[in-house]
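Here is the structure we will look at.
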Amino acid sequence: MKRYFSDLFVGGKSLVDGLVVTLKALCQPMVTVQYPREEIDITPNFRGHIDLVLDPEKNTFRCIACGMCERSCPSECIQIKGKKVEGKKKKTLSLFTLDFTKCSLCGTCVEICPTQALEFSNEYNLAAFSREAFHYDILKRLEERII
Amino acid sequence: MRESQFQEPNRFFLNMGPQHPSTHGVLLVVLEMDGEYVLDPQPVLGFIHRMHEKMGESRPCQGFMPNTARMDYVCALPYNHGYVSLIERKAGIEVPKRAEYIRVITSELNRVASHLLWLGAYLLDLGAFTPILYGFDDREHILDILEDVTGSRLTYCYYRFGGVYRDIDDKFVEATRAFIKRLRKRYDIYEKLVTKNIIFIKRAENIGIISPDMAIRYGITGPNLRGSGIAYDIRKNEPYSVYPEFDFEVPVGERGDCLDRYMVRVREMEQSLRIVEQALDTLPDGPVRSKVPKKIKLAPGDCNFAVEAARGELSYYLVGDGTSVPYRLKIRVPSYSNLSCLPELGEGILLPDLVSIMGSLDLVIPEIDR
């Protein structure tokens, strides 16, 4: 009988202790943000999908269309084409697409690039209604930034 | 169809999952029931099988790195760690000391994050909604710290053969120290909110007792095994990386019930923090990546490497044939063995107790099916 009441007391007290914890939390500043209306700053080190680096000196890409990234990609999501331009000895990049639906963000392409022509973007708000929306034309994205 | 169900009017089959919230993924458990008592729970696997092992055998070993994190997304870094160490052992690649320290620090932080998530999810299974919010609040700090250095929040691909992807900076060290301080202050909250809560104790104490003998029979590892009183931890028993340099304990339980497994994980968090603290104090300078040939040749013969993931022993077994593509890659995941004891453990118990047991086993389904 005595045990029953002591259990009842100890158990009841444990529940009240728990409620005190939540009550204290109620008075503390909020840790969440109202997402679509507010956004948290993301670290510059975040690895989003890849982008071509804009060389500030040449005001264009550094890519030499060697195709190292295309070959090293474990998911085969990069496609590169280069073409001969008159007056230049080497090939110039003419197509750079990324199928982001397949990419697993391992970063192999960025690391293997001999001219450091690739970087990670900081985009994380990614939602769309079609698969094709994630077939990025990376070269076009860079050209938009040049202007 | 078994005959038994027609003999007794109360007997029926119940499908728990594959969309049940407390199976934490697409696991189906077919329950033979007698009223509210479970007679025979049989797990059905394979809903999320993605042939990770086959993928490992069909591409050069570098290409498999992102896959490792997708097996156990809750505690991805030890999976990275196991795979890079396996290839390093196979190909004889030296790893700089600083890189090994960074690996240990980030792996242990990931372990704490995993246990915090488990704590919240387990309590959610038992019907307590509040603790997961506190758990996520703390876990968020770890994710932010790891995001800053690894570049991703959940499915990390941070380690590389011969080192790590990016060096840690003062900001990382500072944030980690601040987090350790913060989590130690929060233990009190968890104790009051969960550990001493009478409802939680009644749902976990003396439920799902795994005897040491049974744990060994099923190959159970990790906190589930330690909860049964066997102090087996790969970090101590088969030390890898720089773990022998750190002083930490292996917490064990006594009875092997759900409460013991809970206590082991809570105490393990503190041990992980101790390892991180020591590693930060003695962090050596130097490079974080050694020179590795572009094409790693895997010599003929086999090789094995085991690490302690948050759920138990994770072991990679590789057979090479002289090319850079593994001939065979076998991954031994802890949750698969941990789940295998469920039919014996869940015989003749109440259905709510089965939910409690499955929660306490800390199952990650993509890891079981992989």
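Ordered as shown in the structure tokens, chains take letters A, B, and onward, while each chain numbers its residues from 1 and ligands are numbered from 1 in the order shown.
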
Each residue of chain B lying at most 6 Å from chain A should get a row with its shortest atom-to-atom pair and the distance in Å to one decimal, counting only C-alpha atoms; could you produce that, ordered by chain and increasing number, as a Markdown table?
| residue | atom | partner | partner_atom | distance |
| --- | --- | --- | --- | --- |
| B:Gly63 | CA | A:Pro74 | CA | 4.5 |
| B:Pro66 | CA | A:Cys106 | CA | 5.5 |
| B:Asp148 | CA | A:Asn45 | CA | 5.7 |
| B:Gly151 | CA | A:Phe46 | CA | 4.1 |
| B:Cys157 | CA | A:Cys106 | CA | 5.6 |
| B:Lys192 | CA | A:Gly18 | CA | 5.5 |
| B:Leu193 | CA | A:Gly18 | CA | 4.4 |
| B:Asn197 | CA | A:Ser14 | CA | 5.2 |
| B:Ile198 | CA | A:Gly11 | CA | 5.0 |

Next, dump the selected residues to file, keeping only C-alpha atoms, as a JSON list (two decimals), in the first residue's frame.
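File selection-v2.json, as written:
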[["chain", "number", "residue", "atom", "x", "y", "z"],
["B", 63, "GLY", "CA", 32.87, 6.31, -57.90],
["B", 66, "PRO", "CA", 28.81, 8.86, -52.68],
["B", 148, "ASP", "CA", 30.36, 24.11, -43.00],
["B", 151, "GLY", "CA", 29.42, 20.92, -47.73],
["B", 157, "CYS", "CA", 30.90, 12.53, -49.15],
["B", 192, "LYS", "CA", 13.96, 15.32, -16.61],
["B", 193, "LEU", "CA", 11.97, 15.05, -19.80],
["B", 197, "ASN", "CA", 9.60, 10.08, -16.93],
["B", 198, "ILE", "CA", 7.41, 7.40, -15.38]]

Run DSSP on the backbone and tell me which residues of region 161-345 of chain B come out as strand (DSSP E or B); list them as a ChimeraX atom specification. /B:163-164,289,301-309,312-320,328-332

Pull the alpha helix (DSSP H) assignments for region 16-73 of chain A out of DSSP run on the backbone, and list those residues as a PyMOL selection string. chain A and resi 16-27+68-72

Preceding selection exported with N, CA and C atoms as a PDB file, in the first residue's frame:
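New file out_23.pdb:
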ATOM      1  N   VAL A  16       5.508  16.218 -13.682  1.00  0.00           N
ATOM      2  CA  VAL A  16       5.547  17.663 -13.430  1.00  0.00           C
ATOM      3  C   VAL A  16       6.914  18.226 -13.818  1.00  0.00           C
ATOM      4  N   ASP A  17       8.000  17.471 -13.488  1.00  0.00           N
ATOM      5  CA  ASP A  17       9.359  17.903 -13.859  1.00  0.00           C
ATOM      6  C   ASP A  17       9.474  18.099 -15.363  1.00  0.00           C
ATOM      7  N   GLY A  18       8.896  17.141 -16.099  1.00  0.00           N
ATOM      8  CA  GLY A  18       8.929  17.249 -17.549  1.00  0.00           C
ATOM      9  C   GLY A  18       8.184  18.477 -18.036  1.00  0.00           C
ATOM     10  N   LEU A  19       7.064  18.757 -17.404  1.00  0.00           N
ATOM     11  CA  LEU A  19       6.278  19.927 -17.805  1.00  0.00           C
ATOM     12  C   LEU A  19       7.023  21.224 -17.512  1.00  0.00           C
ATOM     13  N   VAL A  20       7.795  21.219 -16.405  1.00  0.00           N
ATOM     14  CA  VAL A  20       8.582  22.424 -16.078  1.00  0.00           C
ATOM     15  C   VAL A  20       9.596  22.699 -17.182  1.00  0.00           C
ATOM     16  N   VAL A  21      10.209  21.601 -17.703  1.00  0.00           N
ATOM     17  CA  VAL A  21      11.183  21.759 -18.792  1.00  0.00           C
ATOM     18  C   VAL A  21      10.534  22.431 -19.989  1.00  0.00           C
ATOM     19  N   THR A  22       9.355  21.939 -20.366  1.00  0.00           N
ATOM     20  CA  THR A  22       8.696  22.519 -21.537  1.00  0.00           C
ATOM     21  C   THR A  22       8.230  23.942 -21.260  1.00  0.00           C
ATOM     22  N   LEU A  23       7.862  24.191 -20.029  1.00  0.00           N
ATOM     23  CA  LEU A  23       7.414  25.548 -19.669  1.00  0.00           C
ATOM     24  C   LEU A  23       8.570  26.535 -19.783  1.00  0.00           C
ATOM     25  N   LYS A  24       9.769  26.081 -19.359  1.00  0.00           N
ATOM     26  CA  LYS A  24      10.961  26.933 -19.483  1.00  0.00           C
ATOM     27  C   LYS A  24      11.263  27.208 -20.948  1.00  0.00           C
ATOM     28  N   ALA A  25      11.116  26.161 -21.760  1.00  0.00           N
ATOM     29  CA  ALA A  25      11.403  26.323 -23.191  1.00  0.00           C
ATOM     30  C   ALA A  25      10.441  27.310 -23.838  1.00  0.00           C
ATOM     31  N   LEU A  26       9.268  27.389 -23.282  1.00  0.00           N
ATOM     32  CA  LEU A  26       8.258  28.297 -23.828  1.00  0.00           C
ATOM     33  C   LEU A  26       8.706  29.751 -23.706  1.00  0.00           C
ATOM     34  N   CYS A  27       9.473  30.058 -22.638  1.00  0.00           N
ATOM     35  CA  CYS A  27       9.908  31.437 -22.405  1.00  0.00           C
ATOM     36  C   CYS A  27      11.206  31.762 -23.130  1.00  0.00           C
ATOM     37  N   MET A  68      37.679  15.692 -68.482  1.00  0.00           N
ATOM     38  CA  MET A  68      38.060  14.919 -67.293  1.00  0.00           C
ATOM     39  C   MET A  68      36.867  14.719 -66.361  1.00  0.00           C
ATOM     40  N   CYS A  69      36.072  15.781 -66.185  1.00  0.00           N
ATOM     41  CA  CYS A  69      34.929  15.698 -65.278  1.00  0.00           C
ATOM     42  C   CYS A  69      33.891  14.718 -65.814  1.00  0.00           C
ATOM     43  N   GLU A  70      33.701  14.750 -67.109  1.00  0.00           N
ATOM     44  CA  GLU A  70      32.725  13.866 -67.742  1.00  0.00           C
ATOM     45  C   GLU A  70      33.102  12.408 -67.506  1.00  0.00           C
ATOM     46  N   ARG A  71      34.413  12.122 -67.635  1.00  0.00           N
ATOM     47  CA  ARG A  71      34.859  10.742 -67.491  1.00  0.00           C
ATOM     48  C   ARG A  71      34.906  10.307 -66.033  1.00  0.00           C
ATOM     49  N   SER A  72      35.200  11.236 -65.143  1.00  0.00           N
ATOM     50  CA  SER A  72      35.357  10.841 -63.738  1.00  0.00           C
ATOM     51  C   SER A  72      34.021  10.738 -63.007  1.00  0.00           C
TER      52      SER A  72
END

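Note that CA of Phe161 (chain B) and CA of Ile275 (chain B) are 23.2 Å apart.
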
What's the separation between CA of Glu88 (chain B) and CA of Thr68 (chain B), in Å to one decimal place? 15.4 Å

Just want the 6 Å neighbourhood of region 82-98 of chain A, counted on only C-alpha atoms, with same-chain residues fewer than 4 positions away dropped. Output as a ChimeraX atom specification. /A:65,77-78,135-139

What does the file look like for those residues with N, CA, C and O atoms, as a PDB file, in the first residue's frame?
ATOM      1  N   ALA A  65      37.630  22.179 -71.986  1.00  0.00           N
ATOM      2  CA  ALA A  65      36.885  21.085 -72.641  1.00  0.00           C
ATOM      3  C   ALA A  65      37.703  19.805 -72.742  1.00  0.00           C
ATOM      4  O   ALA A  65      37.660  19.108 -73.755  1.00  0.00           O
ATOM      5  N   CYS A  77      26.541  12.185 -65.281  1.00  0.00           N
ATOM      6  CA  CYS A  77      25.527  13.221 -65.438  1.00  0.00           C
ATOM      7  C   CYS A  77      26.055  14.473 -66.137  1.00  0.00           C
ATOM      8  O   CYS A  77      25.304  15.404 -66.381  1.00  0.00           O
ATOM      9  N   ILE A  78      27.348  14.494 -66.471  1.00  0.00           N
ATOM     10  CA  ILE A  78      27.913  15.663 -67.148  1.00  0.00           C
ATOM     11  C   ILE A  78      28.097  15.355 -68.625  1.00  0.00           C
ATOM     12  O   ILE A  78      28.500  14.254 -68.992  1.00  0.00           O
ATOM     13  N   HIS A 135      17.732  19.531 -65.744  1.00  0.00           N
ATOM     14  CA  HIS A 135      18.788  19.342 -66.750  1.00  0.00           C
ATOM     15  C   HIS A 135      19.379  20.723 -67.025  1.00  0.00           C
ATOM     16  O   HIS A 135      18.872  21.476 -67.836  1.00  0.00           O
ATOM     17  N   TYR A 136      20.426  21.043 -66.274  1.00  0.00           N
ATOM     18  CA  TYR A 136      20.960  22.406 -66.342  1.00  0.00           C
ATOM     19  C   TYR A 136      21.908  22.582 -67.520  1.00  0.00           C
ATOM     20  O   TYR A 136      22.725  21.696 -67.796  1.00  0.00           O
ATOM     21  N   ASP A 137      21.794  23.729 -68.155  1.00  0.00           N
ATOM     22  CA  ASP A 137      22.793  24.115 -69.139  1.00  0.00           C
ATOM     23  C   ASP A 137      23.780  25.031 -68.424  1.00  0.00           C
ATOM     24  O   ASP A 137      23.543  26.219 -68.239  1.00  0.00           O
ATOM     25  N   ILE A 138      24.892  24.441 -67.987  1.00  0.00           N
ATOM     26  CA  ILE A 138      25.830  25.162 -67.124  1.00  0.00           C
ATOM     27  C   ILE A 138      26.488  26.319 -67.886  1.00  0.00           C
ATOM     28  O   ILE A 138      26.725  27.392 -67.351  1.00  0.00           O
ATOM     29  N   LEU A 139      26.745  26.073 -69.183  1.00  0.00           N
ATOM     30  CA  LEU A 139      27.404  27.108 -69.980  1.00  0.00           C
ATOM     31  C   LEU A 139      26.501  28.334 -70.131  1.00  0.00           C
ATOM     32  O   LEU A 139      26.947  29.473 -70.019  1.00  0.00           O
TER      33      LEU A 139
END

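Every protein or nucleic acid residue with an atom no more than 10 Å from Ile331 (chain B), counting only C-alpha atoms and leaving out same-chain residues fewer than 5 positions away, appears here: His52, Glu53, Gly56, Thr68, Gly82, Tyr83, Asn304, Phe305, Ala306, Leu314, Ser315, Tyr316, Tyr317, Leu318, Glu367 and Arg370 of chain B.
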
Grab the residues selected above and save them as a compact mmCIF listing (two decimals), in the first residue's frame with all heavy atoms.
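Output (part01.txt):
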# COMPACT_ATOMS: atom_id res chain seq x y z
N HIS B 52 23.38 -1.55 -53.90
CA HIS B 52 24.61 -0.80 -53.65
C HIS B 52 25.86 -1.65 -53.85
O HIS B 52 26.86 -1.17 -54.36
CB HIS B 52 24.60 -0.23 -52.23
CG HIS B 52 23.89 1.08 -52.15
ND1 HIS B 52 24.21 2.14 -52.95
CD2 HIS B 52 22.88 1.51 -51.37
CE1 HIS B 52 23.42 3.17 -52.66
NE2 HIS B 52 22.60 2.80 -51.72
N GLU B 53 25.78 -2.92 -53.41
CA GLU B 53 26.96 -3.78 -53.55
C GLU B 53 27.31 -3.97 -55.02
O GLU B 53 28.46 -3.92 -55.41
CB GLU B 53 26.70 -5.13 -52.88
CG GLU B 53 26.72 -5.03 -51.38
CD GLU B 53 26.41 -6.34 -50.69
OE1 GLU B 53 26.27 -7.36 -51.39
OE2 GLU B 53 26.31 -6.35 -49.46
N GLY B 56 28.95 -1.01 -56.41
CA GLY B 56 30.35 -0.98 -56.01
C GLY B 56 31.22 -1.87 -56.88
O GLY B 56 32.41 -1.64 -57.02
N THR B 68 28.22 5.24 -50.34
CA THR B 68 28.38 4.78 -48.96
C THR B 68 27.50 5.58 -48.01
O THR B 68 26.95 5.03 -47.06
CB THR B 68 29.85 4.89 -48.52
OG1 THR B 68 30.27 6.24 -48.70
CG2 THR B 68 30.73 3.97 -49.30
N GLY B 82 34.66 3.69 -43.24
CA GLY B 82 34.91 2.28 -43.49
C GLY B 82 35.40 2.04 -44.91
O GLY B 82 36.36 1.31 -45.12
N TYR B 83 34.76 2.72 -45.85
CA TYR B 83 35.11 2.45 -47.25
C TYR B 83 36.49 3.01 -47.61
O TYR B 83 37.29 2.34 -48.24
CB TYR B 83 34.03 3.02 -48.19
CG TYR B 83 34.22 2.56 -49.61
CD1 TYR B 83 34.10 1.21 -49.92
CD2 TYR B 83 34.55 3.44 -50.62
CE1 TYR B 83 34.29 0.76 -51.21
CE2 TYR B 83 34.74 2.99 -51.92
CZ TYR B 83 34.61 1.64 -52.21
OH TYR B 83 34.82 1.20 -53.48
N ASN B 304 39.49 -6.85 -45.68
CA ASN B 304 38.31 -6.55 -44.88
C ASN B 304 38.59 -5.36 -43.97
O ASN B 304 39.72 -5.18 -43.52
CB ASN B 304 37.93 -7.79 -44.04
CG ASN B 304 36.57 -7.63 -43.41
OD1 ASN B 304 35.57 -7.60 -44.12
ND2 ASN B 304 36.53 -7.49 -42.11
N PHE B 305 37.58 -4.56 -43.72
CA PHE B 305 37.76 -3.47 -42.77
C PHE B 305 36.45 -3.23 -42.02
O PHE B 305 35.40 -3.12 -42.64
CB PHE B 305 38.19 -2.18 -43.48
CG PHE B 305 38.83 -1.18 -42.56
CD1 PHE B 305 40.20 -1.15 -42.39
CD2 PHE B 305 38.05 -0.29 -41.83
CE1 PHE B 305 40.80 -0.25 -41.53
CE2 PHE B 305 38.64 0.61 -40.96
CZ PHE B 305 40.02 0.63 -40.81
N ALA B 306 36.54 -3.17 -40.70
CA ALA B 306 35.34 -2.97 -39.89
C ALA B 306 35.45 -1.68 -39.10
O ALA B 306 36.53 -1.35 -38.59
CB ALA B 306 35.16 -4.15 -38.94
N LEU B 314 30.06 -2.24 -38.73
CA LEU B 314 29.93 -2.11 -40.18
C LEU B 314 31.20 -2.65 -40.79
O LEU B 314 32.29 -2.21 -40.45
CB LEU B 314 29.75 -0.64 -40.57
CG LEU B 314 30.03 -0.33 -42.03
CD1 LEU B 314 28.90 -0.85 -42.88
CD2 LEU B 314 30.19 1.15 -42.22
N SER B 315 31.07 -3.63 -41.65
CA SER B 315 32.27 -4.26 -42.19
C SER B 315 32.20 -4.35 -43.71
O SER B 315 31.21 -4.78 -44.27
CB SER B 315 32.40 -5.65 -41.55
OG SER B 315 33.26 -6.43 -42.28
N TYR B 316 33.26 -3.87 -44.34
CA TYR B 316 33.37 -3.95 -45.79
C TYR B 316 34.33 -5.09 -46.13
O TYR B 316 35.39 -5.21 -45.53
CB TYR B 316 33.95 -2.66 -46.36
CG TYR B 316 33.02 -1.48 -46.37
CD1 TYR B 316 33.03 -0.55 -45.34
CD2 TYR B 316 32.15 -1.26 -47.43
CE1 TYR B 316 32.20 0.55 -45.35
CE2 TYR B 316 31.32 -0.16 -47.45
CZ TYR B 316 31.34 0.75 -46.43
OH TYR B 316 30.53 1.84 -46.45
N TYR B 317 33.94 -5.90 -47.10
CA TYR B 317 34.80 -6.98 -47.55
C TYR B 317 34.97 -6.84 -49.05
O TYR B 317 33.99 -6.70 -49.77
CB TYR B 317 34.17 -8.32 -47.21
CG TYR B 317 34.93 -9.51 -47.75
CD1 TYR B 317 36.11 -9.91 -47.15
CD2 TYR B 317 34.46 -10.22 -48.84
CE1 TYR B 317 36.81 -10.99 -47.64
CE2 TYR B 317 35.15 -11.30 -49.34
CZ TYR B 317 36.33 -11.68 -48.74
OH TYR B 317 37.02 -12.75 -49.22
N LEU B 318 36.21 -6.81 -49.47
CA LEU B 318 36.47 -6.54 -50.89
C LEU B 318 37.41 -7.59 -51.48
O LEU B 318 38.36 -8.00 -50.83
CB LEU B 318 37.09 -5.14 -51.02
CG LEU B 318 37.42 -4.63 -52.42
CD1 LEU B 318 37.02 -3.18 -52.52
CD2 LEU B 318 38.89 -4.75 -52.72
N GLU B 367 19.61 0.96 -44.80
CA GLU B 367 20.85 0.26 -44.50
C GLU B 367 20.63 -1.25 -44.54
O GLU B 367 21.49 -2.00 -44.99
CB GLU B 367 21.32 0.71 -43.12
CG GLU B 367 22.51 -0.02 -42.60
CD GLU B 367 22.69 0.20 -41.13
OE1 GLU B 367 21.73 -0.02 -40.36
OE2 GLU B 367 23.76 0.60 -40.73
N ARG B 370 19.98 -1.90 -48.45
CA ARG B 370 21.10 -1.32 -49.20
C ARG B 370 21.18 -1.66 -50.69
O ARG B 370 20.46 -2.41 -51.24
CB ARG B 370 22.44 -1.65 -48.56
CG ARG B 370 22.82 -3.13 -48.56
CD ARG B 370 23.93 -3.39 -47.61
NE ARG B 370 24.28 -4.78 -47.57
CZ ARG B 370 23.64 -5.68 -46.88
NH1 ARG B 370 22.61 -5.32 -46.15
NH2 ARG B 370 24.01 -6.95 -46.91

Leu350 (chain B) surroundings by only C-alpha atoms, 8 Å radius, close-in-sequence under 2 positions cut, as a PDB file with all heavy atoms, in the first residue's frame:
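Generated output (selection04.pdb):
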ATOM      1  N   GLU B  36      -4.709  -8.683 -29.038  1.00  0.00           N
ATOM      2  CA  GLU B  36      -3.674  -7.657 -29.101  1.00  0.00           C
ATOM      3  C   GLU B  36      -2.278  -8.237 -28.848  1.00  0.00           C
ATOM      4  O   GLU B  36      -1.313  -7.505 -28.716  1.00  0.00           O
ATOM      5  CB  GLU B  36      -3.970  -6.539 -28.098  1.00  0.00           C
ATOM      6  CG  GLU B  36      -3.502  -5.204 -28.638  1.00  0.00           C
ATOM      7  CD  GLU B  36      -3.767  -4.048 -27.701  1.00  0.00           C
ATOM      8  OE1 GLU B  36      -4.658  -4.138 -26.852  1.00  0.00           O
ATOM      9  OE2 GLU B  36      -3.059  -3.054 -27.823  1.00  0.00           O
ATOM     10  N   TYR B  37      -2.182  -9.552 -28.755  1.00  0.00           N
ATOM     11  CA  TYR B  37      -0.889 -10.192 -28.535  1.00  0.00           C
ATOM     12  C   TYR B  37      -0.276 -10.627 -29.858  1.00  0.00           C
ATOM     13  O   TYR B  37      -0.965 -11.170 -30.723  1.00  0.00           O
ATOM     14  CB  TYR B  37      -1.036 -11.397 -27.604  1.00  0.00           C
ATOM     15  CG  TYR B  37      -1.210 -10.977 -26.163  1.00  0.00           C
ATOM     16  CD1 TYR B  37      -2.479 -10.786 -25.634  1.00  0.00           C
ATOM     17  CD2 TYR B  37      -0.109 -10.723 -25.369  1.00  0.00           C
ATOM     18  CE1 TYR B  37      -2.646 -10.364 -24.330  1.00  0.00           C
ATOM     19  CE2 TYR B  37      -0.261 -10.297 -24.059  1.00  0.00           C
ATOM     20  CZ  TYR B  37      -1.530 -10.118 -23.539  1.00  0.00           C
ATOM     21  OH  TYR B  37      -1.684  -9.698 -22.249  1.00  0.00           O
ATOM     22  N   VAL B  38       1.005 -10.369 -29.978  1.00  0.00           N
ATOM     23  CA  VAL B  38       1.726 -10.763 -31.184  1.00  0.00           C
ATOM     24  C   VAL B  38       2.228 -12.186 -30.992  1.00  0.00           C
ATOM     25  O   VAL B  38       2.896 -12.482 -29.998  1.00  0.00           O
ATOM     26  CB  VAL B  38       2.915  -9.831 -31.430  1.00  0.00           C
ATOM     27  CG1 VAL B  38       3.661 -10.232 -32.677  1.00  0.00           C
ATOM     28  CG2 VAL B  38       2.452  -8.394 -31.529  1.00  0.00           C
ATOM     29  N   GLY B 348       4.744 -13.455 -28.406  1.00  0.00           N
ATOM     30  CA  GLY B 348       3.848 -13.439 -27.251  1.00  0.00           C
ATOM     31  C   GLY B 348       3.822 -12.143 -26.473  1.00  0.00           C
ATOM     32  O   GLY B 348       3.520 -12.143 -25.287  1.00  0.00           O
ATOM     33  N   PRO B 352       1.862  -2.836 -28.616  1.00  0.00           N
ATOM     34  CA  PRO B 352       2.604  -1.604 -28.289  1.00  0.00           C
ATOM     35  C   PRO B 352       4.035  -1.874 -27.823  1.00  0.00           C
ATOM     36  O   PRO B 352       4.919  -1.055 -28.045  1.00  0.00           O
ATOM     37  CB  PRO B 352       1.789  -0.979 -27.159  1.00  0.00           C
ATOM     38  CG  PRO B 352       0.454  -1.593 -27.259  1.00  0.00           C
ATOM     39  CD  PRO B 352       0.637  -2.960 -27.824  1.00  0.00           C
ATOM     40  N   ASP B 353       4.250  -3.043 -27.197  1.00  0.00           N
ATOM     41  CA  ASP B 353       5.612  -3.385 -26.767  1.00  0.00           C
ATOM     42  C   ASP B 353       6.500  -3.680 -27.966  1.00  0.00           C
ATOM     43  O   ASP B 353       7.698  -3.391 -27.957  1.00  0.00           O
ATOM     44  CB  ASP B 353       5.597  -4.591 -25.835  1.00  0.00           C
ATOM     45  CG  ASP B 353       5.029  -4.238 -24.485  1.00  0.00           C
ATOM     46  OD1 ASP B 353       4.904  -3.025 -24.218  1.00  0.00           O
ATOM     47  OD2 ASP B 353       4.707  -5.151 -23.707  1.00  0.00           O
ATOM     48  N   LEU B 354       5.904  -4.247 -29.002  1.00  0.00           N
ATOM     49  CA  LEU B 354       6.685  -4.530 -30.214  1.00  0.00           C
ATOM     50  C   LEU B 354       7.176  -3.214 -30.834  1.00  0.00           C
ATOM     51  O   LEU B 354       8.314  -3.124 -31.291  1.00  0.00           O
ATOM     52  CB  LEU B 354       5.833  -5.292 -31.230  1.00  0.00           C
ATOM     53  CG  LEU B 354       6.609  -5.735 -32.471  1.00  0.00           C
ATOM     54  CD1 LEU B 354       7.444  -6.965 -32.180  1.00  0.00           C
ATOM     55  CD2 LEU B 354       5.688  -5.987 -33.642  1.00  0.00           C
TER      56      LEU B 354
END

CA of Asn125 (chain A) to CA of Asp41 (chain A) measures 12.2 Å

Identify, on the basis of only C-alpha atoms, every residue whose closest approach to region 144-147 of chain B does not exceed 9 Å; exclude the query and any residue fewer than 5 positions from it along the same chain; express the result as a ChimeraX atom specification. /A:43,45-47 /B:106,109-110,139,152-154,156,171-172,175-176,179

I'd like a table as CSV: residues in region 25-78 of chain A with an atom no more than 7 Å from region 115-119 of chain A, each row giving the shortest atom pair and its distance in Å to one decimal, only C-alpha atoms counted, sorted by chain and rising residue number.
residue,atom,partner,partner_atom,distance
A:Ile50,CA,A:Glu119,CA,5.6
A:Asp51,CA,A:Glu119,CA,5.4
A:Leu52,CA,A:Leu118,CA,4.7
A:Val53,CA,A:Ala117,CA,5.2
A:Phe61,CA,A:Ala117,CA,6.8
A:Arg62,CA,A:Ala117,CA,4.9
A:Cys63,CA,A:Ala117,CA,5.2

Just write the chosen residues, N, CA and C atoms, as a PDB file, in the first residue's frame.
ATOM      1  N   ILE A  50      27.000  21.931 -59.596  1.00  0.00           N
ATOM      2  CA  ILE A  50      28.222  22.599 -60.051  1.00  0.00           C
ATOM      3  C   ILE A  50      27.891  23.777 -60.970  1.00  0.00           C
ATOM      4  N   ASP A  51      28.844  24.682 -61.030  1.00  0.00           N
ATOM      5  CA  ASP A  51      28.757  25.833 -61.914  1.00  0.00           C
ATOM      6  C   ASP A  51      30.142  26.070 -62.487  1.00  0.00           C
ATOM      7  N   LEU A  52      30.197  26.743 -63.631  1.00  0.00           N
ATOM      8  CA  LEU A  52      31.501  27.109 -64.178  1.00  0.00           C
ATOM      9  C   LEU A  52      32.014  28.358 -63.467  1.00  0.00           C
ATOM     10  N   VAL A  53      33.310  28.377 -63.212  1.00  0.00           N
ATOM     11  CA  VAL A  53      33.899  29.540 -62.560  1.00  0.00           C
ATOM     12  C   VAL A  53      34.047  30.669 -63.583  1.00  0.00           C
ATOM     13  N   PHE A  61      34.831  31.605 -69.076  1.00  0.00           N
ATOM     14  CA  PHE A  61      35.132  30.377 -68.326  1.00  0.00           C
ATOM     15  C   PHE A  61      36.592  29.978 -68.461  1.00  0.00           C
ATOM     16  N   ARG A  62      37.015  29.112 -67.513  1.00  0.00           N
ATOM     17  CA  ARG A  62      38.383  28.610 -67.578  1.00  0.00           C
ATOM     18  C   ARG A  62      38.443  27.238 -68.237  1.00  0.00           C
ATOM     19  N   CYS A  63      37.294  26.675 -68.495  1.00  0.00           N
ATOM     20  CA  CYS A  63      37.206  25.290 -68.970  1.00  0.00           C
ATOM     21  C   CYS A  63      37.937  25.128 -70.309  1.00  0.00           C
TER      22      CYS A  63
END

Within 9 Å of Val30 (chain B) using only C-alpha atoms, minus same-chain residues under 2 positions, as a ChimeraX atom specification: /B:13-17,28,32,40-44

Could you tell me which of B:Leu31, B:Asn67, B:His49, B:Met263 comes closest to Ile201 (chain B) if we count only C-alpha atoms? B:Met263
